[in-house]
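Undergrad: For reference, this is coords_6.pdb, and it has PDB, C-alpha atoms.
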```pdb
ATOM      1  CA  MET A  18     114.698  99.433  90.109
ATOM      2  CA  VAL A  19     113.719 100.569  93.579
ATOM      3  CA  TRP A  20     110.684 102.214  95.111
ATOM      4  CA  ARG A  21     110.976 104.285  98.322
ATOM      5  CA  LEU A  22     114.578 103.312  99.125
ATOM      6  CA  ALA A  23     115.723 106.159 101.382
ATOM      7  CA  PRO A  24     119.192 105.571 102.852
ATOM      8  CA  PRO A  25     119.934 107.286 106.158
ATOM      9  CA  GLY A  26     122.823 109.672 106.613
ATOM     10  CA  PRO A  27     124.181 112.977 105.349
ATOM     11  CA  HIS A  28     125.787 111.781 102.093
ATOM     12  CA  PRO A  29     124.423 113.741  99.082
ATOM     13  CA  TRP A  30     123.411 110.496  97.348
ATOM     14  CA  ALA A  31     121.391 109.407 100.417
ATOM     15  CA  GLN A  32     119.762 112.841 100.489
ATOM     16  CA  MET A  33     118.958 112.549  96.774
ATOM     17  CA  MET A  34     117.386 109.113  97.308
ATOM     18  CA  ARG A  35     115.238 110.495 100.142
ATOM     19  CA  THR A  36     114.160 113.343  97.853
ATOM     20  CA  ARG A  37     113.210 110.815  95.159
ATOM     21  CA  ARG A  38     111.169 108.904  97.771
ATOM     22  CA  ASP A  39     109.439 112.130  98.813
ATOM     23  CA  LEU A  40     108.666 112.915  95.159
ATOM     24  CA  ALA A  41     107.281 109.376  94.654
ATOM     25  CA  LEU A  42     109.818 108.526  91.946
ATOM     26  CA  VAL A  43     110.979 105.057  90.946
ATOM     27  CA  THR A  44     114.783 104.924  90.769
ATOM     28  CA  HIS A  45     116.896 102.835  88.410
ATOM     29  CA  LEU A  46     120.168 102.064  90.194
ATOM     30  CA  THR A  47     123.290 101.101  88.283
ATOM     31  CA  LEU A  48     126.276  99.086  89.403
ATOM     32  CA  GLN A  49     128.494 102.138  88.827
ATOM     33  CA  GLU A  50     126.244 104.204  91.104
ATOM     34  CA  LEU A  51     126.261 101.594  93.861
ATOM     35  CA  HIS A  52     130.057 101.327  93.646
ATOM     36  CA  THR A  53     130.405 105.117  93.815
ATOM     37  CA  VAL A  54     128.286 105.716  96.918
ATOM     38  CA  PRO A  55     129.696 105.030 100.371
ATOM     39  CA  ASP A  56     129.457 101.617 101.980
ATOM     40  CA  ALA A  57     127.035 103.011 104.573
ATOM     41  CA  PRO A  58     123.845 100.992 105.185
ATOM     42  CA  LEU A  59     121.058 101.571 102.684
ATOM     43  CA  THR A  60     118.354 101.216 105.366
ATOM     44  CA  THR A  61     118.231 101.186 109.123
ATOM     45  CA  PRO A  62     118.815  97.654 110.467
ATOM     46  CA  GLY A  63     115.649  95.566 110.638
ATOM     47  CA  THR A  64     113.841  97.493 107.882
ATOM     48  CA  THR A  65     111.822  95.202 105.629
ATOM     49  CA  VAL A  66     112.610  95.525 101.934
ATOM     50  CA  HIS A  67     110.325  93.574  99.637
ATOM     51  CA  PHE A  68     111.976  92.226  96.485
ATOM     52  CA  CYS A  69     109.940  91.233  93.438
ATOM     53  CA  GLU A  70     110.808  89.627  90.124
ATOM     54  CA  ASN A  71     108.386  91.466  87.809
ATOM     55  CA  PRO A  72     108.493  95.244  87.139
ATOM     56  CA  GLN A  73     104.680  95.280  87.001
ATOM     57  CA  VAL A  74     104.646  94.766  90.777
ATOM     58  CA  LEU A  75     106.943  97.742  91.335
ATOM     59  CA  GLN A  76     104.967  99.874  88.875
ATOM     60  CA  ALA A  77     101.729  99.065  90.718
ATOM     61  CA  ALA A  78     103.313  99.950  94.078
ATOM     62  CA  ALA A  79     104.382 103.303  92.621
ATOM     63  CA  ARG A  80     101.022 103.905  90.910
ATOM     64  CA  TYR A  81      99.213 103.472  94.239
ATOM     65  CA  GLY A  82     101.896 105.305  96.251
ATOM     66  CA  LEU A  83     102.343 102.395  98.645
ATOM     67  CA  PRO A  84     104.603 103.007 101.637
ATOM     68  CA  GLY A  85     106.752  99.853 101.605
ATOM     69  CA  ILE A  86     110.273  99.722 100.190
ATOM     70  CA  LEU A  87     110.394  97.542  97.089
ATOM     71  CA  MET A  88     113.230  96.497  94.821
ATOM     72  CA  CYS A  89     112.731  94.703  91.532
ATOM     73  CA  GLY A  90     115.164  92.350  89.820
ATOM     74  CA  SER A  91     113.307  92.428  86.476
ATOM     75  CA  GLY A  92     113.709  88.689  86.181
ATOM     76  CA  ASN A  93     117.136  87.368  87.077
ATOM     77  CA  PRO A  94     118.820  90.297  88.864
ATOM     78  CA  SER A  95     121.589  92.159  87.075
ATOM     79  CA  ALA A  96     124.948  92.795  88.720
ATOM     80  CA  ALA A  97     123.429  95.967  90.213
ATOM     81  CA  GLY A  98     120.561  93.922  91.664
ATOM     82  CA  TRP A  99     122.946  91.456  93.296
ATOM     83  CA  GLU A 100     125.071  94.308  94.657
ATOM     84  CA  LEU A 101     121.981  96.019  96.079
ATOM     85  CA  LEU A 102     120.790  92.770  97.675
ATOM     86  CA  GLN A 103     124.224  92.181  99.226
ATOM     87  CA  ARG A 104     124.380  95.746 100.548
ATOM     88  CA  LEU A 105     120.886  95.509 102.013
ATOM     89  CA  THR A 106     121.387  92.160 103.747
ATOM     90  CA  SER A 107     124.866  93.031 105.060
ATOM     91  CA  GLY A 108     123.398  96.285 106.425
ATOM     92  CA  GLY A 109     120.788  94.376 108.425
ATOM     93  CA  ALA A 110     117.738  94.810 106.177
ATOM     94  CA  ASP A 111     115.081  92.094 106.237
ATOM     95  CA  VAL A 112     114.759  91.284 102.525
ATOM     96  CA  ALA A 113     111.617  89.354 101.563
ATOM     97  CA  TYR A 114     111.497  87.863  98.038
ATOM     98  CA  HIS A 115     108.600  86.964  95.745
ATOM     99  CA  GLY A 116     108.756  85.737  92.163
ATOM    100  CA  ASP A 117     106.968  83.623  89.610
ATOM    101  CA  PHE A 118     105.727  80.144  90.452
ATOM    102  CA  ASP A 119     107.402  78.660  87.398
ATOM    103  CA  TRP A 120     110.690  76.777  87.181
ATOM    104  CA  PRO A 121     112.834  79.747  86.073
ATOM    105  CA  GLY A 122     111.194  81.885  88.781
ATOM    106  CA  ILE A 123     111.843  79.212  91.405
ATOM    107  CA  ALA A 124     115.509  79.047  90.319
ATOM    108  CA  ILE A 125     115.805  82.825  90.730
ATOM    109  CA  ALA A 126     114.082  82.629  94.126
ATOM    110  CA  GLY A 127     116.543  79.970  95.264
ATOM    111  CA  ARG A 128     119.535  82.116  94.293
ATOM    112  CA  VAL A 129     118.081  85.212  95.962
ATOM    113  CA  MET A 130     117.308  83.307  99.152
ATOM    114  CA  ARG A 131     120.778  81.772  99.242
ATOM    115  CA  ALA A 132     122.066  85.358  99.083
ATOM    116  CA  GLY A 133     120.207  86.249 102.296
ATOM    117  CA  ALA A 134     116.555  86.963 101.454
ATOM    118  CA  ARG A 135     113.596  85.124 102.935
ATOM    119  CA  PRO A 136     110.469  83.957 101.095
ATOM    120  CA  TRP A 137     107.567  86.390 100.704
ATOM    121  CA  ARG A 138     104.352  84.541  99.822
ATOM    122  CA  MET A 139     106.439  81.800  98.177
ATOM    123  CA  HIS A 140     105.094  78.755 100.018
ATOM    124  CA  THR A 141     102.948  75.782  99.049
ATOM    125  CA  ALA A 142      99.764  77.348 100.426
ATOM    126  CA  ASP A 143     100.393  80.532  98.404
ATOM    127  CA  TYR A 144     100.820  78.515  95.214
ATOM    128  CA  LEU A 145      97.756  76.340  95.818
ATOM    129  CA  ASN A 146      95.604  79.351  96.746
ATOM    130  CA  SER A 147      96.679  81.025  93.517
ATOM    131  CA  LEU A 148      95.659  77.993  91.488
ATOM    132  CA  ALA A 149      92.253  78.003  93.170
ATOM    133  CA  GLU A 150      91.704  81.742  92.603
ATOM    134  CA  LEU A 151      92.825  82.193  89.033
ATOM    135  CA  PRO A 152      90.709  81.407  85.978
ATOM    136  CA  ALA A 153      92.044  78.579  83.816
ATOM    137  CA  GLU A 154      93.036  80.969  81.000
ATOM    138  CA  ARG A 155      95.516  82.706  83.357
ATOM    139  CA  LEU A 156      97.328  79.427  84.091
ATOM    140  CA  LEU A 157      99.988  77.973  81.815
ATOM    141  CA  PRO A 158     101.711  74.583  81.914
ATOM    142  CA  LEU A 159     105.091  74.522  83.629
ATOM    143  CA  ALA A 160     108.058  74.301  81.263
ATOM    144  CA  GLY A 161     111.613  73.165  81.843
ATOM    145  CA  PRO A 162     113.210  71.038  84.518
ATOM    146  CA  ALA A 163     111.806  71.044  88.046
ATOM    147  CA  THR A 164     113.797  73.048  90.573
ATOM    148  CA  PRO A 165     114.053  72.278  94.307
ATOM    149  CA  THR A 166     112.464  74.653  96.820
ATOM    150  CA  PRO A 167     114.583  74.165  99.960
ATOM    151  CA  TRP A 168     112.681  76.894 101.869
ATOM    152  CA  ASP A 169     109.516  74.767 101.423
ATOM    153  CA  PRO A 170     110.156  71.310  99.890
ATOM    154  CA  GLN A 171     106.426  70.687  99.456
ATOM    155  CA  LEU A 172     106.188  73.648  97.071
ATOM    156  CA  ALA A 173     108.165  71.881  94.332
ATOM    157  CA  ALA A 174     106.100  68.729  94.899
ATOM    158  CA  ALA A 175     102.841  70.691  94.547
ATOM    159  CA  MET A 176     104.101  72.386  91.395
ATOM    160  CA  ILE A 177     105.091  69.039  89.877
ATOM    161  CA  GLN A 178     101.712  67.539  90.785
ATOM    162  CA  ASN A 179      99.683  70.445  89.340
ATOM    163  CA  ASN A 180     102.046  71.230  86.444
ATOM    164  CA  LEU A 181     100.789  74.836  86.285
ATOM    165  CA  ALA A 182     102.646  78.149  86.476
ATOM    166  CA  VAL A 183     101.429  81.244  88.322
ATOM    167  CA  HIS A 184     103.086  84.467  87.292
ATOM    168  CA  GLU A 185     103.831  87.172  89.819
ATOM    169  CA  GLU A 186     101.660  89.858  88.218
ATOM    170  CA  ALA A 187      98.618  87.606  88.827
ATOM    171  CA  GLN A 188      99.341  87.928  92.549
ATOM    172  CA  LEU A 189      99.137  91.729  92.850
ATOM    173  CA  HIS A 190      95.997  91.482  94.989
ATOM    174  CA  HIS A 191      98.062  89.641  97.632
ATOM    175  CA  LEU A 192     101.400  91.430  97.253
ATOM    176  CA  LEU A 193     100.256  95.057  97.240
ATOM    177  CA  PRO A 194      98.489  94.876 100.626
ATOM    178  CA  ASP A 195     101.773  93.700 102.157
ATOM    179  CA  LEU A 196     103.367  96.914 100.881
ATOM    180  CA  ARG A 197     100.348  98.995 101.925
ATOM    181  CA  HIS A 198     100.810  97.844 105.521
ATOM    182  CA  ALA A 199     104.590  98.206 105.558
ATOM    183  CA  LYS A 200     106.015 100.871 107.811
ATOM    184  CA  SER A 201     107.363 103.941 106.065
ATOM    185  CA  PRO A 202     111.047 104.619 106.609
TER     186      PRO A 202
END
```
Would you write the structure of this file as C-alpha cells?
TA:
Amino acid sequence: MVWRLAPPGPHPWAQMMRTRRDLALVTHLTLQELHTVPDAPLTTPGTTVHFCENPQVLQAAARYGLPGILMCGSGNPSAAGWELLQRLTSGGADVAYHGDFDWPGIAIAGRVMRAGARPWRMHTADYLNSLAELPAERLLPLAGPATPTPWDPQLAAAMIQNNLAVHEEAQLHHLLPDLRHAKSP
C-alpha cells in the first residue's frame, strides 16, 4: 500500500498515480502492476519516502491527509513491496523505515535496511523513550530469538535488557509529525 506516491513523467500510470494522490486515495500496488509500468523513477531523486510495517500507520496518515509519501509493507513485505523498495532506492529515493520493536519487527527492519533503506525512529533512544511513555498494559514481553540491530547495536542490547516489545501503532504520535512536516512532491 502507498500513500501520496506520485511518479513524475507523462506515462498514463504516473498520471493516474498523481490523480490518486490529488484525490487523497490510498493505492494498493501489485507486482503485476509494477512489472507493467515503465522502469522510470517513481519519485524525483532525493525524495524521502517513509516506509512503515503496520497498515494502521498508513491509514492514520491518510485519515489526517498528511503530505509525506508513505509505503506500508503490512508486516514482512510481499514481492510487490520488495519490488517497490528496489525501484525507489535505485531511482534515488531516500527510503526511511520504521517497524515494531519486537524480534520479528527487528528482523524485517534488518532486511529492509539491507535492501537500501535507512532507520526512521528505530534507534535505542526511540525504544527507551517508548518504554518510558507507554502504560504497562501497552507493553508485552518479547518473544522469539533476539535479532541483531547492525544500524544501532545498542538497540538489541536494550531490548534484551528490558525484554519488552513496542508495537508501531503505539508510536503514531511520533511518526505522524514526521509525515506532517515532509515536503509534498
Undergrad: Which is closer to A:Ala134 than all the others in A:Asp119, A:Glu50, A:Glu185, A:Asp111, using all atoms listed in the file?
TA: A:Asp111
Undergrad: Report as a ChimeraX atom specification the full result of the PyMOL selection byres ((chain A and resi 76) around 12) when it is applied to this structure.
TA: /A:18-20,41-44,69-75,77-83,87-89,91,186,189,193
Undergrad: How about saving the chosen residues, C-alpha atoms kept, as an mmCIF file, keeping the file's coordinate frame?
TA:
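Contents of the output file again10.cif:
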```
data_model
loop_
_atom_site.group_PDB
_atom_site.id
_atom_site.type_symbol
_atom_site.label_atom_id
_atom_site.label_comp_id
_atom_site.auth_asym_id
_atom_site.auth_seq_id
_atom_site.Cartn_x
_atom_site.Cartn_y
_atom_site.Cartn_z
ATOM 1 C CA MET A 18 114.698 99.433 90.109
ATOM 2 C CA VAL A 19 113.719 100.569 93.579
ATOM 3 C CA TRP A 20 110.684 102.214 95.111
ATOM 4 C CA ALA A 41 107.281 109.376 94.654
ATOM 5 C CA LEU A 42 109.818 108.526 91.946
ATOM 6 C CA VAL A 43 110.979 105.057 90.946
ATOM 7 C CA THR A 44 114.783 104.924 90.769
ATOM 8 C CA CYS A 69 109.940 91.233 93.438
ATOM 9 C CA GLU A 70 110.808 89.627 90.124
ATOM 10 C CA ASN A 71 108.386 91.466 87.809
ATOM 11 C CA PRO A 72 108.493 95.244 87.139
ATOM 12 C CA GLN A 73 104.680 95.280 87.001
ATOM 13 C CA VAL A 74 104.646 94.766 90.777
ATOM 14 C CA LEU A 75 106.943 97.742 91.335
ATOM 15 C CA ALA A 77 101.729 99.065 90.718
ATOM 16 C CA ALA A 78 103.313 99.950 94.078
ATOM 17 C CA ALA A 79 104.382 103.303 92.621
ATOM 18 C CA ARG A 80 101.022 103.905 90.910
ATOM 19 C CA TYR A 81 99.213 103.472 94.239
ATOM 20 C CA GLY A 82 101.896 105.305 96.251
ATOM 21 C CA LEU A 83 102.343 102.395 98.645
ATOM 22 C CA LEU A 87 110.394 97.542 97.089
ATOM 23 C CA MET A 88 113.230 96.497 94.821
ATOM 24 C CA CYS A 89 112.731 94.703 91.532
ATOM 25 C CA SER A 91 113.307 92.428 86.476
ATOM 26 C CA GLU A 186 101.660 89.858 88.218
ATOM 27 C CA LEU A 189 99.137 91.729 92.850
ATOM 28 C CA LEU A 193 100.256 95.057 97.240
#
```
Undergrad: Using all atoms listed in the file, which residues sit within 12 Å of stretch 33-37 of chain A once same-chain residues fewer than 6 positions away are excluded, as a PyMOL selection string?
TA: chain A and resi 19-27+43-46+50+54+59-60+79+86+201-202
Undergrad: Can you write out the residues you just picked, keeping C-alpha atoms, as a PDB file, keeping the file's coordinate frame?
TA:
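See result20.pdb below for the written result:
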```pdb
ATOM      1  CA  VAL A  19     113.719 100.569  93.579  1.00  0.00           C
ATOM      2  CA  TRP A  20     110.684 102.214  95.111  1.00  0.00           C
ATOM      3  CA  ARG A  21     110.976 104.285  98.322  1.00  0.00           C
ATOM      4  CA  LEU A  22     114.578 103.312  99.125  1.00  0.00           C
ATOM      5  CA  ALA A  23     115.723 106.159 101.382  1.00  0.00           C
ATOM      6  CA  PRO A  24     119.192 105.571 102.852  1.00  0.00           C
ATOM      7  CA  PRO A  25     119.934 107.286 106.158  1.00  0.00           C
ATOM      8  CA  GLY A  26     122.823 109.672 106.613  1.00  0.00           C
ATOM      9  CA  PRO A  27     124.181 112.977 105.349  1.00  0.00           C
ATOM     10  CA  VAL A  43     110.979 105.057  90.946  1.00  0.00           C
ATOM     11  CA  THR A  44     114.783 104.924  90.769  1.00  0.00           C
ATOM     12  CA  HIS A  45     116.896 102.835  88.410  1.00  0.00           C
ATOM     13  CA  LEU A  46     120.168 102.064  90.194  1.00  0.00           C
ATOM     14  CA  GLU A  50     126.244 104.204  91.104  1.00  0.00           C
ATOM     15  CA  VAL A  54     128.286 105.716  96.918  1.00  0.00           C
ATOM     16  CA  LEU A  59     121.058 101.571 102.684  1.00  0.00           C
ATOM     17  CA  THR A  60     118.354 101.216 105.366  1.00  0.00           C
ATOM     18  CA  ALA A  79     104.382 103.303  92.621  1.00  0.00           C
ATOM     19  CA  ILE A  86     110.273  99.722 100.190  1.00  0.00           C
ATOM     20  CA  SER A 201     107.363 103.941 106.065  1.00  0.00           C
ATOM     21  CA  PRO A 202     111.047 104.619 106.609  1.00  0.00           C
TER      22      PRO A 202
END
```
Undergrad: Which residue is closest to A:Gly90? Choose from A:Trp30, A:Tyr114, A:Tyr144, A:Trp137 and count all atoms listed in the file.
TA: A:Tyr114
Undergrad: Apply the PyMOL selection byres ((chain A and resi 107) around 12) to the structure shown and report the selected residues as an mmCIF file with C-alpha atoms, keeping the file's coordinate frame.
TA:
```cif
data_model
loop_
_atom_site.group_PDB
_atom_site.id
_atom_site.type_symbol
_atom_site.label_atom_id
_atom_site.label_comp_id
_atom_site.auth_asym_id
_atom_site.auth_seq_id
_atom_site.Cartn_x
_atom_site.Cartn_y
_atom_site.Cartn_z
ATOM 1 C CA ASP A 56 129.457 101.617 101.980
ATOM 2 C CA ALA A 57 127.035 103.011 104.573
ATOM 3 C CA PRO A 58 123.845 100.992 105.185
ATOM 4 C CA LEU A 59 121.058 101.571 102.684
ATOM 5 C CA THR A 60 118.354 101.216 105.366
ATOM 6 C CA THR A 61 118.231 101.186 109.123
ATOM 7 C CA PRO A 62 118.815 97.654 110.467
ATOM 8 C CA GLY A 63 115.649 95.566 110.638
ATOM 9 C CA GLU A 100 125.071 94.308 94.657
ATOM 10 C CA LEU A 101 121.981 96.019 96.079
ATOM 11 C CA LEU A 102 120.790 92.770 97.675
ATOM 12 C CA GLN A 103 124.224 92.181 99.226
ATOM 13 C CA ARG A 104 124.380 95.746 100.548
ATOM 14 C CA LEU A 105 120.886 95.509 102.013
ATOM 15 C CA THR A 106 121.387 92.160 103.747
ATOM 16 C CA GLY A 108 123.398 96.285 106.425
ATOM 17 C CA GLY A 109 120.788 94.376 108.425
ATOM 18 C CA ALA A 110 117.738 94.810 106.177
ATOM 19 C CA ASP A 111 115.081 92.094 106.237
ATOM 20 C CA VAL A 112 114.759 91.284 102.525
ATOM 21 C CA ALA A 132 122.066 85.358 99.083
ATOM 22 C CA GLY A 133 120.207 86.249 102.296
ATOM 23 C CA ALA A 134 116.555 86.963 101.454
#
```
Undergrad: Nearest residue to A:Val129 out of A:Ala31, A:Ala142, A:Phe68, A:Ala173, using all atoms listed in the file?
TA: A:Phe68
Undergrad: Please enclose the listed atoms of stretch 155-169 of chain A in an axis-aligned box, pad each side by 3 Å, and write out the centre and the three edge lengths in Å, rounded to one decimal, as JSON.
TA:
```
{"center_x": 105.0, "center_y": 76.9, "center_z": 91.6, "size_x": 25.1, "size_y": 17.7, "size_z": 26.6}
```
Undergrad: What does the distance from atom CA of A:Ala175 to atom CA of A:His115 come to in Å, to one decimal?
TA: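 We find that atom CA of A:Ala175 and atom CA of A:His115 lie 17.3 Å from each other.
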Undergrad: Take atom CA of A:Ser147 and atom CA of A:Ala126 and report the distance between them in Å, one decimal.
TA: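 Separation between atom CA of A:Ser147 and atom CA of A:Ala126: 17.5 Å.
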